[in-house]
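Report on one structure; see the data block that follows.
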Amino acid sequence: AQSVTQPDIHITVSEGASLELRCNYSYGATPYLFWYVQSPGQGLQLLLKYFSGDTLVQGIKGFEAEFKRSQSSFNLRKPSVHWSDAAEYFCAVGPSFSGGYNKLIFGAGTRLAVHP
Amino acid sequence: DAGVIQSPRHEVTEMGQEVTLRCKPISGHDYLFWYRQTMMRGLELLIYFNNNVPIDDSGMPEDRFSAKMPNASFSTLKIQPSEPRDSAVYFCASSDDRAYTEAFFGQGTRLTVV
């Protein structure tokens with residue numbers, strides 16, 4: 001079955017510390033992978049996406065993610081967290097056909113808190 | 001473009017009433033998606049349209065839910081009759097048909113059924 005697992009429900013980090021949010025997926029075909037961020041009361045905003053090529057992808061707001069096929073993982077990282085990064089982060093996978101890759105399966109989300 | 005526009009932002013209704021959620025996708029987008037977000041089940045795809053035609057409604061929870069897209073700039077999600085367990089945030093998203101593009105989400109409608 002297709003699924004996305006985000007093992008960490010809540011993570012708290014200090015401002016300026018590094019961050020890694022984990023994402024593992026189970027998918028029958030080559031997936032397209034996404035990370036979205038949701039600030040309180042807001043919709044989802046795309047941070048970055050992976051379709052093919054370089055397995056290290058750069059996104060907005062200083063985030064990056066690395067696709068590791070052997071581990072079925074797509075972890076999100078940021079070298080230095082800012083207080084404004086406090087939000088909920090969702091990993092998602094989608095099928096690799098035109099338009100259909102937005103038929104997304106989402107993980108449960110990881111809520112990030114940032115201490116000053 | 002103003003992005004995906006959903007209305008209303010908040011809706012409180014009594015059990016048994018009909019509820020209609022509205023969505024205006026980004027102009028030129030071929031795909032429109034309705035998602036539901038709850039604490040228990042997270043984000044779930046309910047239905048999606050391509051060129052105004054429903055393609056996959058397997059995520060629609062039951063017959064009380066229906067969705068339409070009468071034209072390229074408007075879609076509705078209707079719940080009739082509504083139940084307290086329908087309380088959730090409903091998101092609409094749209095995307096175009098270019099390779100490697102992503103879905104753009106609206107701000108959502110928070111529905112509370114009392």
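Simple scheme: letters A, B, ... for chains in structure tokens order, numbers from 1 for residues in each chain, numbers from 1 for ligands in the order shown.
Excluding segment 25-30 of chain A itself and same-chain residues fewer than 2 positions from it, the residues having an atom within 7 Å of it are A:Ala1, A:Gln2, A:Ser3, A:Val4, A:Thr5, A:Cys23, A:Tyr32, A:Ser72, A:Ser73, A:Ser96, counting only C-alpha atoms.
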Subject >> Long-range neighbours of segment 76-90 of chain B as a PyMOL selection string, 7 Å cut-off, only C-alpha atoms, 6 positions minimum in chain >> reply: chain B and resi 15-23+35-38+64-69+108-114
Original post:
Quick one: residues within 6 Å of Leu33 of chain A, only C-alpha atoms counted, chain neighbours fewer than 5 positions away excluded, as a PyMOL selection string?
Top reply: chain A and resi 49-50+92-93
Write out, as a PDB file, in the first residue's frame, the residues just selected, with N, CA, C and O atoms.
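Result went into result_11.pdb, see below:
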```pdb
ATOM      1  N   LYS A  49      10.501  20.191  -3.987  1.00  0.00           N
ATOM      2  CA  LYS A  49       9.975  18.999  -4.640  1.00  0.00           C
ATOM      3  C   LYS A  49      11.112  18.249  -5.323  1.00  0.00           C
ATOM      4  O   LYS A  49      12.126  18.844  -5.715  1.00  0.00           O
ATOM      5  N   TYR A  50      10.914  16.951  -5.461  1.00  0.00           N
ATOM      6  CA  TYR A  50      11.887  16.126  -6.167  1.00  0.00           C
ATOM      7  C   TYR A  50      11.162  15.302  -7.216  1.00  0.00           C
ATOM      8  O   TYR A  50      10.182  14.599  -6.916  1.00  0.00           O
ATOM      9  N   ALA A  92       4.939  14.553   1.278  1.00  0.00           N
ATOM     10  CA  ALA A  92       3.898  13.983   0.437  1.00  0.00           C
ATOM     11  C   ALA A  92       4.528  13.288  -0.755  1.00  0.00           C
ATOM     12  O   ALA A  92       5.600  13.681  -1.224  1.00  0.00           O
ATOM     13  N   VAL A  93       3.845  12.268  -1.259  1.00  0.00           N
ATOM     14  CA  VAL A  93       4.272  11.579  -2.478  1.00  0.00           C
ATOM     15  C   VAL A  93       3.126  11.594  -3.471  1.00  0.00           C
ATOM     16  O   VAL A  93       1.954  11.644  -3.097  1.00  0.00           O
TER      17      VAL A  93
END
```
Considering only C-alpha atoms, tabulate each residue of chain B that lies at most 10 Å from chain A along with its nearest interatomic pair and the corresponding distance in Å to one decimal; arrange the rows by chain and ascending residue number and present them as CSV.
```
residue,atom,partner,partner_atom,distance
B:Val4,CA,A:Gly43,CA,9.9
B:Arg9,CA,A:Gly41,CA,9.8
B:His29,CA,A:Gly99,CA,9.9
B:Asp30,CA,A:Gly99,CA,8.2
B:Tyr31,CA,A:Gly99,CA,6.9
B:Leu32,CA,A:Asn102,CA,9.3
B:Phe33,CA,A:Lys103,CA,7.7
B:Trp34,CA,A:Lys103,CA,9.9
B:Tyr35,CA,A:Leu104,CA,9.5
B:Gln37,CA,A:Ala108,CA,9.9
B:Thr38,CA,A:Ala108,CA,9.9
B:Met39,CA,A:Ala108,CA,8.8
B:Met40,CA,A:Ala108,CA,9.1
B:Arg41,CA,A:Ala108,CA,7.8
B:Gly42,CA,A:Ala108,CA,5.4
B:Leu43,CA,A:Phe106,CA,6.1
B:Glu44,CA,A:Ile105,CA,7.3
B:Leu45,CA,A:Leu104,CA,7.2
B:Leu46,CA,A:Lys103,CA,9.9
B:Ile47,CA,A:Lys103,CA,9.0
B:Tyr48,CA,A:Lys103,CA,7.7
B:Asn50,CA,A:Gly99,CA,8.4
B:Asp56,CA,A:Lys103,CA,9.3
B:Val89,CA,A:Gly41,CA,9.7
B:Tyr90,CA,A:Gly43,CA,9.8
B:Phe91,CA,A:Gly43,CA,7.4
B:Cys92,CA,A:Gly43,CA,9.2
B:Ala93,CA,A:Asn102,CA,9.0
B:Ser94,CA,A:Asn102,CA,8.6
B:Ser95,CA,A:Gly99,CA,7.1
B:Asp96,CA,A:Gly99,CA,6.7
B:Asp97,CA,A:Gly99,CA,5.1
B:Arg98,CA,A:Ser98,CA,7.0
B:Ala99,CA,A:Ser98,CA,6.0
B:Tyr100,CA,A:Phe51,CA,6.7
B:Thr101,CA,A:Gly99,CA,7.9
B:Glu102,CA,A:Asn102,CA,6.4
B:Ala103,CA,A:Asn102,CA,5.8
B:Phe104,CA,A:Gln45,CA,7.3
B:Phe105,CA,A:Leu44,CA,5.7
B:Gly106,CA,A:Gly43,CA,5.6
B:Gln107,CA,A:Gly43,CA,4.0
B:Gly108,CA,A:Gly43,CA,6.0
B:Thr109,CA,A:Gly43,CA,9.6
B:Arg110,CA,A:Gly41,CA,9.1
```
Original post:
Quick one, how far is atom CA of Ser73 of chain B from atom CA of Ile60 of chain A?
Top reply: 28.5 Å
